[in-house]
Every structure is written in C-alpha cells, then in structure tokens.
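Here is the file upload26.cif (mmCIF, C-alpha atoms and all ligand atoms).
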data_model
#
loop_
_atom_site.label_atom_id
_atom_site.label_comp_id
_atom_site.auth_asym_id
_atom_site.auth_seq_id
_atom_site.Cartn_x
_atom_site.Cartn_y
_atom_site.Cartn_z
CA MET D 1 118.33 174.41 -45.22
CA THR D 2 115.09 175.66 -43.66
CA VAL D 3 115.16 175.77 -39.87
CA LEU D 4 111.80 174.75 -38.40
CA PRO D 5 110.54 175.26 -34.85
CA TYR D 6 108.97 171.80 -34.50
CA LYS D 7 111.05 169.15 -36.20
CA ASP D 8 108.57 166.36 -35.53
CA GLN D 9 105.77 168.05 -37.51
CA ASN D 10 105.04 167.89 -41.25
CA LYS D 11 103.67 171.44 -41.43
CA GLY D 12 105.49 174.17 -43.40
CA LYS D 13 107.59 176.87 -41.75
CA LYS D 14 104.88 179.55 -41.93
CA GLU D 15 102.29 177.47 -40.10
CA GLN D 16 104.82 176.28 -37.51
CA VAL D 17 106.08 179.82 -36.89
CA ALA D 18 102.51 181.12 -36.46
CA ASN D 19 101.72 178.27 -34.02
CA MET D 20 104.94 178.87 -32.10
CA PHE D 21 104.24 182.58 -31.65
CA ASP D 22 100.61 181.84 -30.73
CA ASN D 23 101.96 179.52 -28.00
CA ILE D 24 104.48 181.94 -26.54
CA SER D 25 102.46 185.15 -27.03
CA PRO D 26 101.32 185.52 -23.36
CA ARG D 27 104.98 185.45 -22.20
CA TYR D 28 106.68 186.95 -25.27
CA ASP D 29 107.25 190.48 -23.94
CA LEU D 30 108.48 189.25 -20.56
CA LEU D 31 110.92 186.77 -22.14
CA ASN D 32 112.16 189.31 -24.68
CA HIS D 33 113.17 191.80 -22.05
CA LEU D 34 114.43 189.17 -19.59
CA LEU D 35 116.56 187.20 -22.06
CA SER D 36 118.05 190.31 -23.66
CA LEU D 37 118.48 192.04 -20.26
CA GLY D 38 116.37 194.86 -21.67
CA ILE D 39 118.77 195.60 -24.52
CA ASP D 40 116.11 194.80 -27.16
CA VAL D 41 114.39 198.06 -26.18
CA LEU D 42 117.56 200.05 -26.92
CA TRP D 43 118.05 198.27 -30.25
CA ARG D 44 114.55 199.21 -31.41
CA LYS D 45 115.12 202.83 -30.33
CA LYS D 46 118.41 202.96 -32.23
CA ALA D 47 116.81 201.51 -35.38
CA ILE D 48 114.13 204.22 -35.32
CA ARG D 49 116.78 206.91 -34.77
CA LEU D 50 118.67 205.71 -37.86
CA LEU D 51 115.47 205.50 -39.89
CA ARG D 52 114.71 209.12 -38.95
CA LYS D 53 117.88 210.23 -40.78
CA ARG D 54 116.46 208.82 -44.01
CA GLN D 55 112.81 209.55 -43.41
CA PRO D 56 112.32 212.38 -40.86
CA ARG D 57 108.47 212.50 -40.97
CA PRO D 58 106.87 209.38 -42.49
CA ASP D 59 103.11 209.82 -42.74
CA HIS D 60 102.13 206.14 -42.83
CA ILE D 61 104.44 203.41 -41.48
CA LEU D 62 104.06 199.67 -42.00
CA ASP D 63 105.43 197.49 -39.18
CA VAL D 64 105.88 194.01 -40.66
CA ALA D 65 105.82 191.05 -38.23
CA THR D 66 104.64 193.50 -35.59
CA GLY D 67 103.97 190.79 -32.99
CA THR D 68 102.92 192.52 -29.78
CA GLY D 69 103.66 195.91 -31.33
CA ASP D 70 106.83 197.06 -29.53
CA PHE D 71 108.57 198.31 -32.69
CA ALA D 72 105.40 200.12 -33.77
CA LEU D 73 105.34 201.84 -30.36
CA GLU D 74 108.94 203.02 -30.82
CA ALA D 75 108.08 204.33 -34.28
CA LEU D 76 105.56 206.73 -32.69
CA SER D 77 108.54 209.01 -32.01
CA LEU D 78 108.60 209.74 -35.77
CA LYS D 79 105.16 211.35 -35.32
CA PRO D 80 103.41 209.47 -38.12
CA ARG D 81 99.71 209.98 -38.84
CA LYS D 82 99.23 206.22 -38.72
CA ILE D 83 101.09 202.95 -38.15
CA THR D 84 99.79 199.67 -39.54
CA GLY D 85 101.19 196.55 -37.92
CA ILE D 86 100.76 193.16 -39.58
CA ASP D 87 101.50 189.67 -38.30
CA ILE D 88 100.50 186.07 -39.04
CA SER D 89 100.06 185.14 -35.37
CA ALA D 90 96.58 185.89 -34.02
CA GLY D 91 97.89 185.34 -30.48
CA MET D 92 100.67 187.93 -30.76
CA LEU D 93 98.26 190.43 -32.36
CA GLU D 94 95.75 189.99 -29.55
CA VAL D 95 98.39 190.81 -26.90
CA GLY D 96 99.40 193.79 -29.05
CA ARG D 97 95.81 195.04 -29.46
CA GLN D 98 95.25 194.93 -25.70
CA LYS D 99 98.47 196.90 -25.22
CA MET D 100 97.37 199.59 -27.69
CA LEU D 101 93.88 199.79 -26.13
CA LYS D 102 95.37 200.25 -22.66
CA ARG D 103 97.54 203.10 -23.92
CA GLY D 104 94.74 204.74 -25.87
CA LEU D 105 96.58 204.09 -29.15
CA ALA D 106 94.13 201.76 -30.87
CA ASP D 107 93.26 204.41 -33.48
CA LYS D 108 96.86 205.32 -34.15
CA ILE D 109 98.32 201.80 -34.37
CA GLU D 110 96.21 199.35 -36.35
CA MET D 111 97.00 195.65 -35.80
CA LYS D 112 96.01 193.43 -38.70
CA GLN D 113 96.46 189.72 -39.43
CA ALA D 114 98.37 189.36 -42.70
CA ASP D 115 101.29 187.53 -44.27
CA SER D 116 104.41 189.50 -45.17
CA GLU D 117 104.82 187.35 -48.25
CA ASN D 118 101.41 188.39 -49.58
CA LEU D 119 100.65 191.86 -48.23
CA PRO D 120 97.03 193.04 -48.55
CA PHE D 121 98.06 196.56 -49.65
CA GLU D 122 98.31 198.45 -52.93
CA ASP D 123 101.66 199.31 -54.49
CA ASN D 124 103.51 202.45 -53.28
CA MET D 125 101.43 203.00 -50.13
CA PHE D 126 103.87 203.47 -47.23
CA ASP D 127 106.46 206.16 -46.44
CA ALA D 128 108.49 203.76 -44.31
CA VAL D 129 108.51 200.03 -43.56
CA ILE D 130 110.00 198.60 -40.36
CA VAL D 131 110.62 195.01 -39.21
CA ALA D 132 112.14 193.87 -35.92
CA PHE D 133 113.18 190.23 -35.50
CA GLY D 134 110.72 189.25 -38.21
CA VAL D 135 112.57 188.57 -41.49
CA ARG D 136 114.43 185.54 -40.04
CA ASN D 137 111.06 183.89 -39.54
CA PHE D 138 109.77 184.35 -43.10
CA GLU D 139 109.20 181.13 -45.00
CA ASP D 140 110.38 182.78 -48.23
CA LEU D 141 112.73 185.65 -47.33
CA LYS D 142 113.07 187.10 -50.83
CA LYS D 143 109.33 187.00 -51.44
CA GLY D 144 108.73 188.87 -48.18
CA LEU D 145 111.36 191.50 -48.94
CA LYS D 146 109.97 192.02 -52.46
CA GLU D 147 106.47 192.43 -51.08
CA MET D 148 107.70 195.06 -48.61
CA ASN D 149 109.42 196.87 -51.46
CA ARG D 150 106.25 196.75 -53.58
CA VAL D 151 104.15 198.54 -50.94
CA MET D 152 106.79 201.24 -50.29
CA LYS D 153 106.50 204.61 -52.04
CA PRO D 154 109.41 205.40 -54.37
CA GLY D 155 112.11 206.93 -52.15
CA ALA D 156 110.63 205.42 -48.97
CA ALA D 157 112.97 203.80 -46.45
CA VAL D 158 113.03 200.44 -44.71
CA ALA D 159 114.64 199.66 -41.33
CA ILE D 160 115.20 196.02 -40.47
CA LEU D 161 116.41 194.92 -37.05
CA GLU D 162 117.58 191.33 -36.82
CA PHE D 163 119.92 189.09 -34.85
CA SER D 164 123.37 188.58 -36.30
CA ARG D 165 126.38 186.69 -34.97
CA PRO D 166 129.33 188.15 -33.06
CA ARG D 167 132.59 186.94 -34.55
CA SER D 168 135.30 188.29 -32.29
CA PHE D 169 136.86 186.69 -29.21
CA PRO D 170 135.59 186.49 -26.47
CA PHE D 171 132.11 187.77 -27.41
CA GLN D 172 131.48 184.93 -29.83
CA GLN D 173 132.24 182.34 -27.11
CA ILE D 174 130.16 184.09 -24.42
CA TYR D 175 127.32 184.59 -26.88
CA ASN D 176 127.37 180.94 -28.03
CA PHE D 177 127.26 179.71 -24.44
CA TYR D 178 124.41 182.05 -23.54
CA PHE D 179 122.40 181.51 -26.72
CA GLN D 180 122.82 177.74 -26.88
CA GLN D 181 122.87 176.76 -23.20
CA VAL D 182 121.15 179.40 -21.07
CA LEU D 183 118.49 180.94 -23.32
CA PRO D 184 116.78 177.67 -24.43
CA ARG D 185 116.47 176.49 -20.81
CA VAL D 186 115.07 179.75 -19.42
CA GLY D 187 112.86 180.15 -22.51
CA ARG D 188 111.44 176.63 -22.14
CA LEU D 189 110.78 177.10 -18.45
CA ILE D 190 108.90 180.37 -18.79
CA SER D 191 107.21 180.02 -22.18
CA LYS D 192 106.27 176.33 -21.63
CA ASP D 193 107.04 175.79 -25.33
CA SER D 194 109.67 173.09 -25.72
CA SER D 195 111.00 174.29 -29.08
CA ALA D 196 110.68 178.06 -29.42
CA TYR D 197 113.91 178.98 -27.68
CA THR D 198 115.89 176.22 -29.41
CA TYR D 199 114.56 177.46 -32.75
CA LEU D 200 115.81 180.97 -31.90
CA PRO D 201 119.59 180.21 -31.83
CA GLU D 202 119.26 177.68 -34.66
CA SER D 203 117.46 180.14 -36.93
CA VAL D 204 119.97 182.92 -36.12
CA GLN D 205 122.84 180.58 -36.98
CA ALA D 206 121.33 179.79 -40.38
CA PHE D 207 120.33 183.36 -41.27
CA PRO D 208 122.45 185.62 -43.53
CA ASP D 209 123.87 188.65 -41.75
CA GLY D 210 126.02 191.70 -42.52
CA ARG D 211 127.02 192.07 -46.16
CA ASP D 212 125.28 188.80 -47.08
CA PHE D 213 121.98 190.30 -46.01
CA LEU D 214 122.68 193.59 -47.81
CA LYS D 215 123.26 191.57 -51.00
CA ILE D 216 119.82 189.98 -50.61
CA LEU D 217 118.27 193.42 -50.10
CA GLU D 218 119.89 194.59 -53.35
CA GLU D 219 118.69 191.48 -55.20
CA THR D 220 115.15 192.18 -54.03
CA GLY D 221 115.03 195.74 -55.35
CA TYR D 222 116.47 197.98 -52.63
CA LYS D 223 118.96 200.84 -53.10
CA ASN D 224 121.34 202.72 -50.79
CA THR D 225 121.75 199.76 -48.47
CA ALA D 226 123.69 200.10 -45.22
CA TRP D 227 124.06 198.20 -41.98
CA LYS D 228 125.12 198.84 -38.43
CA PRO D 229 126.15 196.06 -36.04
CA LEU D 230 124.88 196.44 -32.45
CA THR D 231 126.27 195.20 -29.11
CA PHE D 232 129.36 193.31 -30.42
CA GLY D 233 127.39 192.06 -33.42
CA ILE D 234 124.58 190.29 -31.52
CA SER D 235 122.10 192.26 -33.61
CA ALA D 236 122.21 194.49 -36.65
CA ILE D 237 120.18 197.26 -38.21
CA TYR D 238 119.80 197.23 -41.98
CA LEU D 239 118.64 200.32 -43.83
CA ALA D 240 117.64 200.65 -47.46
CA SER D 241 115.53 202.76 -49.78
CA LYS D 242 113.18 202.03 -52.67
C1 LIG B 1 110.27 187.64 -32.78
S1 LIG B 1 108.68 188.25 -33.18
C2 LIG B 1 108.98 189.98 -33.37
C3 LIG B 1 107.83 190.84 -32.97
C4 LIG B 1 108.10 192.33 -32.90
N1 LIG B 1 108.43 192.86 -34.20
C5 LIG B 1 109.14 192.70 -31.87
O1 LIG B 1 110.05 193.45 -32.20
O2 LIG B 1 109.03 192.23 -30.74
C6 LIG B 1 108.49 187.71 -34.85
C7 LIG B 1 107.10 187.87 -35.41
O3 LIG B 1 107.14 187.59 -36.81
C8 LIG B 1 105.88 187.09 -37.17
N2 LIG B 1 105.96 186.49 -38.51
C9 LIG B 1 106.71 185.45 -38.91
N3 LIG B 1 106.52 185.19 -40.22
C10 LIG B 1 105.63 186.13 -40.66
C11 LIG B 1 105.03 186.38 -41.92
N4 LIG B 1 105.28 185.61 -42.99
N5 LIG B 1 104.18 187.41 -42.01
C12 LIG B 1 103.88 188.19 -40.93
N6 LIG B 1 104.41 187.97 -39.71
C13 LIG B 1 105.28 186.96 -39.57
C14 LIG B 1 105.59 186.11 -36.04
O4 LIG B 1 104.24 185.72 -35.96
C15 LIG B 1 106.07 186.91 -34.82
O5 LIG B 1 105.04 187.64 -34.21
#

What do you get writing this file as structure tokens?
Ligand SMILES: C[S@@+](CC[C@H](N)C(=O)[O-])C[C@H]1O[C@@H](n2cnc3c(N)ncnc32)[C@H](O)[C@@H]1O
Amino acid sequence: MTVLPYKDQNKGKKEQVANMFDNISPRYDLLNHLLSLGIDVLWRKKAIRLLRKRQPRPDHILDVATGTGDFALEALSLKPRKITGIDISAGMLEVGRQKMLKRGLADKIEMKQADSENLPFEDNMFDAVIVAFGVRNFEDLKKGLKEMNRVMKPGAAVAILEFSRPRSFPFQQIYNFYFQQVLPRVGRLISKDSSAYTYLPESVQAFPDGRDFLKILEETGYKNTAWKPLTFGISAIYLASK
C-alpha cells in the first residue's frame, strides 16, 4: 500500500511529496539535526566512508533526492571533480543553492530540479550515485532504482542511506515511542506542516529494509549488494555496484 503524506488529497505520491518538502524546506535542516540529535550527520559520513572503499576517487557523483544538499556536501571528502544533486522539490533545492553559494561551492555542486524516476542524463555517466533518505519517498521505487543504475558507469557504485526498523528489545520499544509519539508532535510544531512528520514514521514502517531491500536492488540490476545497519537498526546503508 502506498503511504501518502496528505491523505485528504487526490494527488499522486510524487506531487504530494514535492509539496510536502516545499512546505518544510525552510525548517528541514533544523528539524533533521534536532530530531535525530545530530546523528544524521554521522550516518551520512559513515555512508561516504563505506562508498570510498568501493570507489576511492569518483570523478562525477550524482546525489539523488539531494534536498538541501547535505549528502552532497559530505561526498566532497571523496574529492570529486563535480557533484550533481537532483530533487523534485524546488523549495528544498533553493535552500540548498543558497547553502552552496554561501560556502563558495556553487560551481562544484550543481543543484538541478529533476525526477529520480526519469533522470535527464545519458546512460553510463556517473562514477558513483548516492541517495540519503530519498528512496523511501519515490512513487515507483523500482523505476527510480533502475534509472539510477542506467546513469551509472559499468563498475560504478551506489550508496543508499535510509531509515530501517530496530527489531530488538528495548530499542524497538523506545524507537516506536519516539518515532510515533514525540517526533510527529515536535515536527508539526516546528515545521507547521500537519502531516510531514506523521508521514515519516508511517513511510518507514511500510518500506522494505535489510535483506528485503537488497533483493529489490538485485531485481533492479545491481551486483555485489551489501548492507550495514546503523544505531541499533534505526538506519541502514546499502551498497551495490553496476
Ligand atoms: C528526506 S529528504 C532527503 C534530503 C537529503 N538527501 C538529505 O540527506 O537530507 C528527501 C528528498 O527526496 C526528494 N524526492 C522525493 N521523491 C523524489 C523523486 N522522485 N525525485 C527526486 N527527488 C525526490 C524530496 O523532494 C526530498 O527533498
């Protein structure tokens, strides 16, 4: 079943997701770091460290669902010539562009409006593809993953960071309480969007994780798949090659 941000609307998931991120874009970075107690930063760093083992010096990196560009910024440590970030939300991209301008990185990190399920790039273009907290929001997950695969060079690597679900006692119970009771309330208060932080736990609950996600990666054309759970299984890093 597709989990939608706004249940009272007739629009499809893609349009609703874009609207939701447009709405929360001014507060997205603040909420990310606040609600994760800053751990999201460490998760992105770890994902890039693991990617480096497969792809030590990627020349051109594609950051899918780049949002405000935080994963692209972490990927700078791989010393690429260029990073292209794409996202469907104009609002998130605008916050990201301002961030890159302020840091003098506008030439290095390009922020472009595009849909992961229909990427405006030729086949075999990128040395590495990265996605943080993006794939769960795709309207058609397999289509998005196949598109990413299409634009990767043969042998290129992908690193996907996404929420998963802790399953051991007592982390599962603490996590459920926090994710279902605390996070939606704080999120609503600060973002002023009534649904975004209810959609977050609901979409995580419905999303395949661990081996189930690796299976989907294999079905969509990836090889050498591996995953690493993070922080008691709250998140996971998935790695694969073309
Ligand atoms: C939770 S944010 C993650 C942003 C960033 N990667 C980070 O680590 O903070 C998810 C992003 O996915 C984008 N997104 C969702 N579906 C997309 C699609 N089909 N194509 C491109 N971006 C998409 C949203 O607009 C949003 O900016």

_Please find the residues contacting ligand LIG 1 (chain B) at a distance of at most 7 Å between atoms, with only C-alpha atoms and all ligand atoms counted, and report them as a list in words._
Lys14, Val17, Ala18, Phe21, Val64, Ala65, Thr66, Gly67, Thr68, Gly69, Asp70, Phe71, Ile86, Asp87, Ile88, Ser89, Met92, Ala114, Asp115, Ser116, Glu117, Val131, Ala132, Phe133, Gly134, Asn137, Phe138 and Glu139 of chain D

*Excluding stretch 94-108 of chain D and any residue of its chain fewer than 5 positions from it, enumerate the residues within 10 Å of it, using only C-alpha atoms, and give them as a PyMOL selection string.*
chain D and resi 22+25-29+66-70+72-73+76+80-85+89+113

*Please provide the set of residues having any atom within 8 Å of D:Val129, restricted to only C-alpha atoms, with same-chain residues fewer than 2 positions apart removed, written as a PyMOL selection string.*
chain D and resi 61-64+126-127+131+148+152+156-159

Per residue of stretch 24-116 of chain D within 12 Å of stretch 165-186 of chain D, what are the shortest atom pair and its distance in Å to one decimal, counting all atoms listed in the file, with rows by chain and residue number, as a tab-separated table?
residue	atom	partner	partner_atom	distance
D:Arg27	CA	D:Val186	CA	11.9
D:Leu30	CA	D:Val186	CA	11.6
D:Leu31	CA	D:Val186	CA	8.6
D:Asn32	CA	D:Leu183	CA	10.6
D:Leu34	CA	D:Val186	CA	9.4
D:Leu35	CA	D:Leu183	CA	6.7
D:Ser36	CA	D:Leu183	CA	9.4
D:Leu37	CA	D:Leu183	CA	11.5

_Give me, as a list in words, all polymer residues having an atom no more than 7 Å from stretch 199-206 of chain D, counting only C-alpha atoms and skipping those fewer than 5 positions away in the same chain._
Val3, Leu4, Pro5, Arg136, Phe163, Ser164, Phe179 and Gln180 of chain D

Find the smallest box with edges along x, y and z containing every listed atom of stretch 43-51 of chain D, then add 4 Å on each side and report centre and edge lengths in Å to one decimal, as JSON.
{"center_x": 116.4, "center_y": 202.6, "center_z": -35.1, "size_x": 12.5, "size_y": 16.6, "size_z": 17.6}

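Atom to atom, atom CA of D:Ile160 and atom CA of D:Gln16 stand 22.5 Å apart.
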
_Proximity to D:Asp59 - best of D:Ala128, D:Lys112, D:Ser77, D:Met1, only C-alpha atoms_ = D:Ala128
